[in-house]
$ cat protein.txt   # compact mmCIF, C-alpha atoms
# COMPACT_ATOMS: atom_id res chain seq x y z
CA MET D 926 -12.10 3.69 -16.29
CA THR D 927 -13.19 3.74 -12.67
CA ASP D 928 -10.37 3.93 -10.14
CA LEU D 929 -12.08 1.53 -7.76
CA ALA D 930 -15.33 -0.40 -7.99
CA ILE D 931 -16.42 -2.71 -5.18
CA ASP D 932 -18.76 -5.64 -5.62
CA VAL D 933 -20.36 -7.00 -2.44
CA ARG D 934 -22.28 -10.28 -2.33
CA GLU D 935 -23.16 -13.04 0.12
CA VAL D 936 -22.03 -16.61 -0.55
CA ARG D 937 -23.05 -19.32 1.92
CA GLY D 938 -22.94 -17.01 4.91
CA VAL D 939 -19.71 -15.30 3.90
CA TRP D 940 -19.80 -11.68 2.75
CA VAL D 941 -17.53 -11.39 -0.26
CA LEU D 942 -16.10 -7.96 -0.94
CA GLN D 943 -14.43 -7.81 -4.35
CA PRO D 944 -12.55 -4.60 -5.17
CA GLN D 945 -11.70 -3.88 -8.80
CA GLY D 946 -8.97 -1.34 -9.47
CA PHE D 947 -6.47 0.12 -7.04
CA ILE D 948 -6.54 1.08 -3.36
CA ASN D 949 -4.39 4.03 -2.38
CA ALA D 950 -4.94 7.22 -0.39
CA TYR D 951 -7.30 8.47 -3.11
CA THR D 952 -9.64 5.46 -3.13
CA VAL D 953 -9.23 4.06 0.37
CA GLN D 954 -12.26 5.80 1.85
CA GLN D 955 -14.50 4.01 -0.61
CA PHE D 956 -12.99 0.68 0.39
CA GLU D 957 -13.20 1.50 4.09
CA SER D 958 -16.87 2.52 3.78
CA ALA D 959 -17.72 -0.77 2.08
CA MET D 960 -16.07 -2.69 4.93
CA GLU D 961 -17.73 -0.55 7.61
CA ASN D 962 -21.16 -0.95 6.01
CA LEU D 963 -20.83 -4.73 6.28
CA ILE D 964 -19.71 -4.57 9.90
CA GLN D 965 -22.51 -2.15 10.86
CA ALA D 966 -24.99 -4.61 9.34
CA GLN D 967 -23.45 -7.32 11.56
CA HIS D 968 -21.97 -9.08 8.53
CA CYS D 969 -18.67 -9.80 10.18
CA LEU D 970 -17.47 -12.84 8.28
CA ILE D 971 -15.84 -11.08 5.36
CA LEU D 972 -13.80 -12.42 2.47
CA ILE D 973 -11.84 -9.88 0.45
CA ASN D 974 -11.47 -11.40 -3.01
CA CYS D 975 -8.44 -9.60 -4.50
CA LYS D 976 -8.72 -11.12 -7.98
CA ASN D 977 -9.22 -7.73 -9.61
CA LEU D 978 -7.22 -5.67 -7.13
CA THR D 979 -4.23 -4.41 -9.08
CA TYR D 980 -2.57 -2.39 -6.34
CA ILE D 981 -2.76 -1.70 -2.62
CA ASN D 982 -0.58 0.52 -0.45
CA SER D 983 -0.33 1.16 3.28
CA ALA D 984 -3.59 3.11 3.26
CA GLY D 985 -5.48 0.00 2.17
CA LEU D 986 -3.60 -2.24 4.58
CA GLY D 987 -4.32 0.22 7.36
CA ALA D 988 -8.04 0.13 6.56
CA ILE D 989 -8.07 -3.65 6.95
CA MET D 990 -5.88 -3.56 10.05
CA GLY D 991 -8.05 -0.90 11.63
CA LEU D 992 -11.13 -3.13 11.46
CA ILE D 993 -9.77 -6.61 12.17
CA GLU D 994 -10.06 -6.38 15.96
CA GLU D 995 -13.63 -5.09 15.81
CA VAL D 996 -14.62 -7.86 13.42
CA ARG D 997 -13.07 -10.55 15.59
CA GLN D 998 -14.61 -9.09 18.74
CA GLN D 999 -17.98 -9.55 17.05
CA GLY D 1000 -17.20 -13.19 16.34
CA GLY D 1001 -16.24 -12.74 12.70
CA ASP D 1002 -13.08 -12.61 10.67
CA ILE D 1003 -11.52 -11.07 7.58
CA LEU D 1004 -10.21 -13.58 5.03
CA LEU D 1005 -8.28 -12.91 1.83
CA SER D 1006 -8.22 -14.72 -1.49
CA ASN D 1007 -6.91 -14.45 -5.05
CA LEU D 1008 -4.00 -12.16 -4.18
CA GLN D 1009 -1.92 -11.10 -7.16
CA ASP D 1010 1.83 -11.42 -6.61
CA ASN D 1011 2.46 -7.72 -6.03
CA VAL D 1012 -0.40 -7.51 -3.53
CA TYR D 1013 0.66 -10.70 -1.76
CA SER D 1014 4.21 -9.34 -1.54
CA ILE D 1015 3.05 -6.36 0.52
CA PHE D 1016 1.07 -8.50 2.94
CA ALA D 1017 3.93 -10.98 3.28
CA THR D 1018 6.61 -8.30 3.71
CA LEU D 1019 4.81 -6.93 6.74
CA GLY D 1020 4.00 -10.33 8.20
CA PHE D 1021 0.26 -9.90 7.67
CA THR D 1022 -0.04 -13.37 6.20
CA ASP D 1023 0.35 -14.58 9.80
CA LEU D 1024 -2.62 -12.49 10.87
CA TYR D 1025 -5.07 -13.27 8.07
CA ARG D 1026 -6.13 -16.51 6.45
CA VAL D 1027 -5.12 -16.27 2.80
CA PHE D 1028 -6.64 -18.63 0.22
CA ALA D 1029 -5.78 -19.25 -3.41
CA THR D 1030 -9.40 -18.92 -4.53
CA GLU D 1031 -12.75 -17.66 -3.27
CA GLU D 1032 -14.15 -21.18 -3.56
CA GLU D 1033 -11.45 -22.57 -1.28
CA ALA D 1034 -12.09 -19.86 1.28
CA ILE D 1035 -15.86 -20.46 1.28
CA ALA D 1036 -15.33 -24.22 1.50
CA ALA D 1037 -12.92 -23.83 4.42
CA VAL D 1038 -15.39 -21.67 6.31
CA ALA D 1039 -18.25 -24.07 5.60
CA GLN D 1040 -16.15 -27.00 6.79
CA GLN D 1041 -15.15 -25.30 10.02
CA GLY D 1042 -18.51 -23.80 10.83
CA ASP D 1043 -17.21 -20.27 11.03
CA GLY D 1044 -14.10 -18.22 10.36
CA ARG D 1045 -12.66 -18.12 13.87
CA GLN D 1046 -9.66 -20.33 13.66
CA SER D 1047 -6.00 -19.57 13.99
CA PRO D 1048 -4.76 -17.53 11.08
CA HIS D 1049 -2.59 -19.28 8.53
CA THR D 1050 -1.89 -19.12 4.85
CA ASP D 1051 -3.41 -21.55 2.40
CA ARG D 1052 -2.25 -19.65 -0.68
CA LYS D 1053 -0.77 -21.87 -3.36
CA MET F 287 16.49 -4.66 -27.77
CA ARG F 288 17.46 -1.18 -26.68
CA PRO F 289 20.28 -0.76 -24.12
CA THR F 290 19.43 0.23 -20.57
CA PRO F 291 20.28 3.90 -20.00
CA SER F 292 23.24 4.29 -17.65
CA GLN F 293 22.37 7.93 -16.99
CA ALA F 294 18.93 9.49 -17.03
CA ASN F 295 17.28 12.34 -15.18
CA PHE F 296 13.79 13.74 -15.30
CA CYS F 297 11.30 15.41 -13.00
CA LEU F 298 7.55 15.14 -12.48
CA THR F 299 5.69 17.90 -10.65
CA ILE F 300 2.22 17.21 -9.30
CA PRO F 301 -0.30 19.17 -7.23
CA SER F 302 -0.53 18.01 -3.60
CA GLN F 303 -3.67 15.96 -4.27
CA THR F 304 -4.20 12.24 -3.86
CA ARG F 305 -5.92 12.00 -7.26
CA TYR F 306 -2.42 12.17 -8.81
CA LEU F 307 -1.01 9.27 -6.79
CA ASN F 308 -1.87 6.62 -9.35
CA LEU F 309 -0.11 8.67 -12.02
CA VAL F 310 2.99 8.88 -9.83
CA THR F 311 2.86 5.17 -9.06
CA ASN F 312 2.65 4.28 -12.75
CA VAL F 313 5.48 6.63 -13.72
CA ALA F 314 7.70 5.25 -10.94
CA LYS F 315 7.06 1.68 -12.01
CA ARG F 316 7.77 2.42 -15.68
CA PHE F 317 10.91 4.28 -14.67
CA ALA F 318 12.19 1.28 -12.68
CA LEU F 319 11.43 -1.05 -15.59
CA ILE F 320 13.31 1.25 -17.99
CA ALA F 321 16.24 1.08 -15.56
CA ASP F 322 16.15 -2.69 -16.11
CA MET F 323 14.59 -3.76 -12.84
CA ASP F 324 12.39 -6.84 -12.82
CA ASP F 325 8.66 -6.47 -12.40
CA ALA F 326 8.59 -7.31 -8.67
CA SER F 327 11.34 -4.81 -7.85
CA ALA F 328 9.72 -2.13 -10.00
CA ALA F 329 6.44 -2.67 -8.12
CA LYS F 330 8.27 -2.13 -4.84
CA VAL F 331 9.83 1.09 -6.09
CA SER F 332 6.41 2.35 -7.15
CA ILE F 333 4.94 1.64 -3.72
CA ALA F 334 7.82 3.39 -1.96
CA VAL F 335 7.31 6.50 -4.09
CA ASP F 336 3.55 6.37 -3.53
CA GLU F 337 4.10 6.20 0.24
CA ALA F 338 6.55 9.10 0.20
CA VAL F 339 4.17 11.33 -1.77
CA THR F 340 1.15 10.24 0.29
CA ASN F 341 2.98 11.18 3.50
CA ILE F 342 3.85 14.59 2.10
CA ILE F 343 0.25 15.30 1.07
CA ALA F 344 -1.15 14.16 4.42
CA HIS F 345 1.49 15.38 6.86
CA ALA F 346 3.75 17.99 5.24
CA TYR F 347 0.86 19.77 3.51
CA ARG F 348 -1.95 18.58 5.84
CA ASN F 349 -4.10 17.70 2.82
CA GLU F 350 -4.03 21.26 1.48
CA ALA F 351 -4.54 20.86 -2.26
CA ASP F 352 -2.83 24.00 -3.57
CA HIS F 353 0.82 23.03 -3.14
CA HIS F 354 3.21 21.17 -5.41
CA ILE F 355 5.47 18.16 -5.07
CA ASP F 356 8.50 17.54 -7.27
CA ILE F 357 9.58 13.97 -7.93
CA GLU F 358 13.03 13.60 -9.50
CA PHE F 359 14.04 10.33 -11.10
CA HIS F 360 17.71 9.48 -11.66
CA ILE F 361 19.55 6.49 -13.07
CA ASN F 362 23.22 6.51 -12.10
CA GLY F 363 24.89 3.40 -13.44
CA LYS F 364 23.61 0.49 -11.39
CA VAL F 365 21.55 2.55 -8.99
CA ILE F 366 18.28 4.41 -9.20
CA GLU F 367 17.72 7.43 -7.03
CA ILE F 368 14.37 9.11 -6.50
CA LYS F 369 14.05 12.43 -4.73
CA VAL F 370 10.72 13.78 -3.54
CA LEU F 371 10.83 17.48 -2.71
CA HIS F 372 8.28 19.72 -1.06
CA ARG F 373 7.97 22.96 0.86
CA GLY F 374 5.68 21.78 3.62
CA THR F 375 6.56 20.65 7.11
CA GLY F 376 9.73 18.59 6.83
CA LEU F 377 10.59 15.34 8.53
CA ARG F 378 13.74 14.94 10.62
CA GLU F 379 15.39 11.61 9.99
CA GLU F 380 16.53 11.27 13.60
CA GLU F 381 12.93 11.54 14.83
CA ILE F 382 11.63 8.67 12.73
CA ALA F 383 10.76 5.50 14.61
CA LEU F 384 9.68 2.65 12.38
CA PRO F 385 7.01 0.36 13.82
CA ASP F 386 7.99 -3.23 14.56
CA PRO F 387 5.84 -5.36 12.22
CA ARG F 388 5.57 -8.14 14.82
CA GLU F 389 4.20 -5.71 17.39
CA TYR F 390 1.96 -4.13 14.76
CA VAL F 391 0.43 -7.49 13.94
CA LYS F 392 -0.16 -8.17 17.64
CA HIS F 393 -1.84 -4.80 18.12
CA PRO F 394 -3.42 -3.87 14.79
CA ARG F 395 -4.22 -0.26 14.17
CA LYS F 396 -4.73 2.12 11.32
CA GLY F 397 -1.72 3.94 9.96
CA GLY F 398 2.02 3.88 10.55
CA LEU F 399 2.95 1.49 7.78
CA GLY F 400 4.02 3.80 4.97
CA LEU F 401 7.54 4.52 6.24
CA LEU F 402 7.99 0.86 7.05
CA LEU F 403 7.13 -0.15 3.48
CA MET F 404 9.50 2.48 2.11
CA SER F 405 12.36 1.19 4.25
CA ARG F 406 11.64 -2.43 3.35
CA PHE F 407 11.28 -1.85 -0.38
CA MET F 408 14.23 0.51 -0.98
CA ASP F 409 17.90 0.01 -0.10
CA GLU F 410 18.21 3.47 1.41
CA VAL F 411 15.68 6.10 2.53
CA HIS F 412 16.84 9.48 3.83
CA PHE F 413 14.99 12.57 4.95
CA THR F 414 16.36 16.10 5.00
CA GLU F 415 14.39 18.91 6.55
CA GLY F 416 14.31 22.04 4.42
CA GLY F 417 14.73 25.67 5.33
CA GLU F 418 13.53 29.05 4.23
CA ASN F 419 14.84 28.77 0.68
CA LYS F 420 15.44 25.06 0.57
CA PRO F 421 12.82 22.35 0.05
CA SER F 422 12.51 19.35 2.33
CA LEU F 423 13.65 16.14 0.74
CA CYS F 424 12.96 12.43 0.83
CA ARG F 425 15.72 10.59 -1.02
CA MET F 426 15.38 6.92 -1.90
CA ILE F 427 17.98 4.66 -3.47
CA LYS F 428 17.73 1.16 -4.86
CA LYS F 429 20.34 -0.97 -6.61
CA ILE F 430 19.35 -2.23 -10.03

$ encode --input "protein.txt" --output "structure tokens"
Amino acid sequence: MTDLAIDVREVRGVWVLQPQGFINAYTVQQFESAMENLIQAQHCLILINCKNLTYINSAGLGAIMGLIEEVRQQGGDILLSNLQDNVYSIFATLGFTDLYRVFATEEEAIAAVAQQGDGRQSPHTDRK
Amino acid sequence: MRPTPSQANFCLTIPSQTRYLNLVTNVAKRFALIADMDDASAAKVSIAVDEAVTNIIAHAYRNEADHHIDIEFHINGKVIEIKVLHRGTGLREEEIALPDPREYVKHPRKGGLGLLLMSRFMDEVHFTEGGENKPSLCRMIKKI
């Protein structure tokens, strides 16, 4: 079994990054590289679909935190969807759900972005 | 249904390499479940142990792969205690300054969250700097 596999695809102008497996200090570089590749290609509206993310620790959170300002400076945003309870708990414990828009599903996230024209609105949580 | 053990002790020794972190995380979670913690609490214990070991690999051993880390698991009645021991550069408890999450969110940056997660997810976290013949220790306690 692979520790971490990352699927990247574009859906209606949103770049969906879908990690499968776990993100810790061993796998975080792979995750970080996938994010950086999108940003370098000017794909700065990014949705991290966490449906198949079984675990994340501070290394993974740090990777997202380390890129959020750059993404927003370039007019984009990082959105989150499909968080499993244990993953959501980490984000919520640290107050990160105030910083990122969190959606119950990928479809809801894409629809919200399409409705608003882009991803640059005040962060809030739409997780159900 | 088997009774929850009121006393249990065992030790896991791993090389100071991040490839073993998932193993440690899984063992810690299973240990907490055996101690009769619910799934959410067990997940928090596993993250705290992961963060402790990650810090030791990165900072105490500076990512040198040829050292060892001992992780002791104890159940003492209604409390679990996990000790992480190493012989790298120790941490002094009085020098630790946890980041304020509200400030962190205002000024995002990479790093600095591991100790914060440990302190949030465990009831007690203590650090003891080792000496010449004594390992450095991170000791974490959580009520069951």

$ interface_residues --input "protein.txt" --of "chain D" --to "chain F" --cutoff "9 Å" --atoms "all atoms listed in the file" --output "PyMOL selection string"
chain D and resi 928+947+949-952+980-984+986-994+1010-1011+1014-1015+1018-1021+1023-1024

$ closest_residue --input "protein.txt" --among "F:Ile320, F:Val331, F:Leu377, F:Val370" --to "His345 of chain F" --atoms "only C-alpha atoms"
F:Leu377

$ closest_residue --input "protein.txt" --among "F:Asp324, F:Glu358, F:Glu381, F:Asp409" --to "Cys424 of chain F" --atoms "all atoms listed in the file"
F:Glu358

$ atom_distance --input "protein.txt" --atom1 "atom CA of Thr290 of chain F" --atom2 "atom CA of Leu423 of chain F"
27.2 Å

$ residues_near_point --input "protein.txt" --point "(-13.1, -7.6, -4.5)" --cutoff "6 Å" --atoms "only C-alpha atoms" --output "ChimeraX atom specification"
/D:931,942-945,973-975

$ closest_residue --input "protein.txt" --among "D:Ala1017, D:Ala1037, D:Ile971, D:Leu929" --to "Asp1002 of chain D" --atoms "only C-alpha atoms"
D:Ile971

$ atom_distance --input "protein.txt" --atom1 "atom CA of Val335 of chain F" --atom2 "atom CA of Ile368 of chain F"
7.9 Å

$ atom_distance --input "protein.txt" --atom1 "atom CA of Glu935 of chain D" --atom2 "atom CA of Phe1016 of chain D"
24.8 Å

$ residues_around --input "protein.txt" --residues "Ile964 of chain D" --least-positions-apart "6" --cutoff "10 Å" --atoms "only C-alpha atoms" --output "short mmCIF file (atom, residue, chain, number, x, y, z; two decimals) with C-alpha atoms, in the coordinates of the input"
data_model
loop_
_atom_site.label_atom_id
_atom_site.label_comp_id
_atom_site.auth_asym_id
_atom_site.auth_seq_id
_atom_site.Cartn_x
_atom_site.Cartn_y
_atom_site.Cartn_z
CA SER D 958 -16.87 2.52 3.78
CA LEU D 970 -17.47 -12.84 8.28
CA ILE D 971 -15.84 -11.08 5.36
CA LEU D 992 -11.13 -3.13 11.46
CA GLU D 995 -13.63 -5.09 15.81
CA VAL D 996 -14.62 -7.86 13.42
CA GLN D 999 -17.98 -9.55 17.05
CA GLY D 1001 -16.24 -12.74 12.70
#

$ residues_around --input "protein.txt" --residues "Ile361 of chain F" --least-positions-apart "4" --cutoff "8 Å" --atoms "all atoms listed in the file" --output "PyMOL selection string"
chain F and resi 291-295+321+365-367

$ write_last_selection --input "protein.txt" --atoms "C-alpha atoms" --output "compact mmCIF listing (two decimals), keeping the file's coordinate frame"
# COMPACT_ATOMS: atom_id res chain seq x y z
CA PRO F 291 20.28 3.90 -20.00
CA SER F 292 23.24 4.29 -17.65
CA GLN F 293 22.37 7.93 -16.99
CA ALA F 294 18.93 9.49 -17.03
CA ASN F 295 17.28 12.34 -15.18
CA ALA F 321 16.24 1.08 -15.56
CA VAL F 365 21.55 2.55 -8.99
CA ILE F 366 18.28 4.41 -9.20
CA GLU F 367 17.72 7.43 -7.03

$ decode --input "protein.txt" --residues "segment 330-373 of chain F" --atoms "C-alpha atoms" --output "PDB file, in the first residue's frame"
ATOM      1  CA  LYS F 330      -5.559  12.554  19.783  1.00  0.00           C
ATOM      2  CA  VAL F 331      -3.144  10.406  21.760  1.00  0.00           C
ATOM      3  CA  SER F 332      -1.697   9.038  18.534  1.00  0.00           C
ATOM      4  CA  ILE F 333      -1.128  12.533  17.155  1.00  0.00           C
ATOM      5  CA  ALA F 334       0.555  13.693  20.366  1.00  0.00           C
ATOM      6  CA  VAL F 335       2.957  10.744  20.238  1.00  0.00           C
ATOM      7  CA  ASP F 336       3.616  11.337  16.536  1.00  0.00           C
ATOM      8  CA  GLU F 337       4.450  14.983  17.253  1.00  0.00           C
ATOM      9  CA  ALA F 338       6.772  14.078  20.121  1.00  0.00           C
ATOM     10  CA  VAL F 339       8.700  11.553  18.021  1.00  0.00           C
ATOM     11  CA  THR F 340       8.767  13.862  14.985  1.00  0.00           C
ATOM     12  CA  ASN F 341      10.278  16.645  17.103  1.00  0.00           C
ATOM     13  CA  ILE F 342      12.948  14.302  18.424  1.00  0.00           C
ATOM     14  CA  ILE F 343      13.916  13.120  14.933  1.00  0.00           C
ATOM     15  CA  ALA F 344      14.039  16.672  13.555  1.00  0.00           C
ATOM     16  CA  HIS F 345      15.460  18.623  16.475  1.00  0.00           C
ATOM     17  CA  ALA F 346      17.070  16.307  19.028  1.00  0.00           C
ATOM     18  CA  TYR F 347      18.732  14.138  16.367  1.00  0.00           C
ATOM     19  CA  ARG F 348      18.748  16.730  13.530  1.00  0.00           C
ATOM     20  CA  ASN F 349      17.402  14.111  11.112  1.00  0.00           C
ATOM     21  CA  GLU F 350      20.360  11.787  11.678  1.00  0.00           C
ATOM     22  CA  ALA F 351      18.992   8.332  10.914  1.00  0.00           C
ATOM     23  CA  ASP F 352      21.293   6.150  13.019  1.00  0.00           C
ATOM     24  CA  HIS F 353      19.892   6.830  16.492  1.00  0.00           C
ATOM     25  CA  HIS F 354      17.084   5.188  18.431  1.00  0.00           C
ATOM     26  CA  ILE F 355      13.971   6.391  20.200  1.00  0.00           C
ATOM     27  CA  ASP F 356      12.240   4.451  22.981  1.00  0.00           C
ATOM     28  CA  ILE F 357       8.508   4.868  23.443  1.00  0.00           C
ATOM     29  CA  GLU F 358       7.135   3.460  26.705  1.00  0.00           C
ATOM     30  CA  PHE F 359       3.419   2.887  27.103  1.00  0.00           C
ATOM     31  CA  HIS F 360       1.849   2.580  30.553  1.00  0.00           C
ATOM     32  CA  ILE F 361      -1.684   2.109  31.819  1.00  0.00           C
ATOM     33  CA  ASN F 362      -1.997   3.013  35.496  1.00  0.00           C
ATOM     34  CA  GLY F 363      -5.591   2.629  36.587  1.00  0.00           C
ATOM     35  CA  LYS F 364      -7.534   5.453  34.970  1.00  0.00           C
ATOM     36  CA  VAL F 365      -4.555   7.155  33.396  1.00  0.00           C
ATOM     37  CA  ILE F 366      -2.313   6.421  30.456  1.00  0.00           C
ATOM     38  CA  GLU F 367       1.252   7.614  30.490  1.00  0.00           C
ATOM     39  CA  ILE F 368       3.543   7.642  27.474  1.00  0.00           C
ATOM     40  CA  LYS F 369       7.243   8.351  27.782  1.00  0.00           C
ATOM     41  CA  VAL F 370       9.409   9.118  24.771  1.00  0.00           C
ATOM     42  CA  LEU F 371      13.120   8.815  25.508  1.00  0.00           C
ATOM     43  CA  HIS F 372      16.134   9.749  23.440  1.00  0.00           C
ATOM     44  CA  ARG F 373      19.795  10.638  23.739  1.00  0.00           C
TER      45      ARG F 373
END
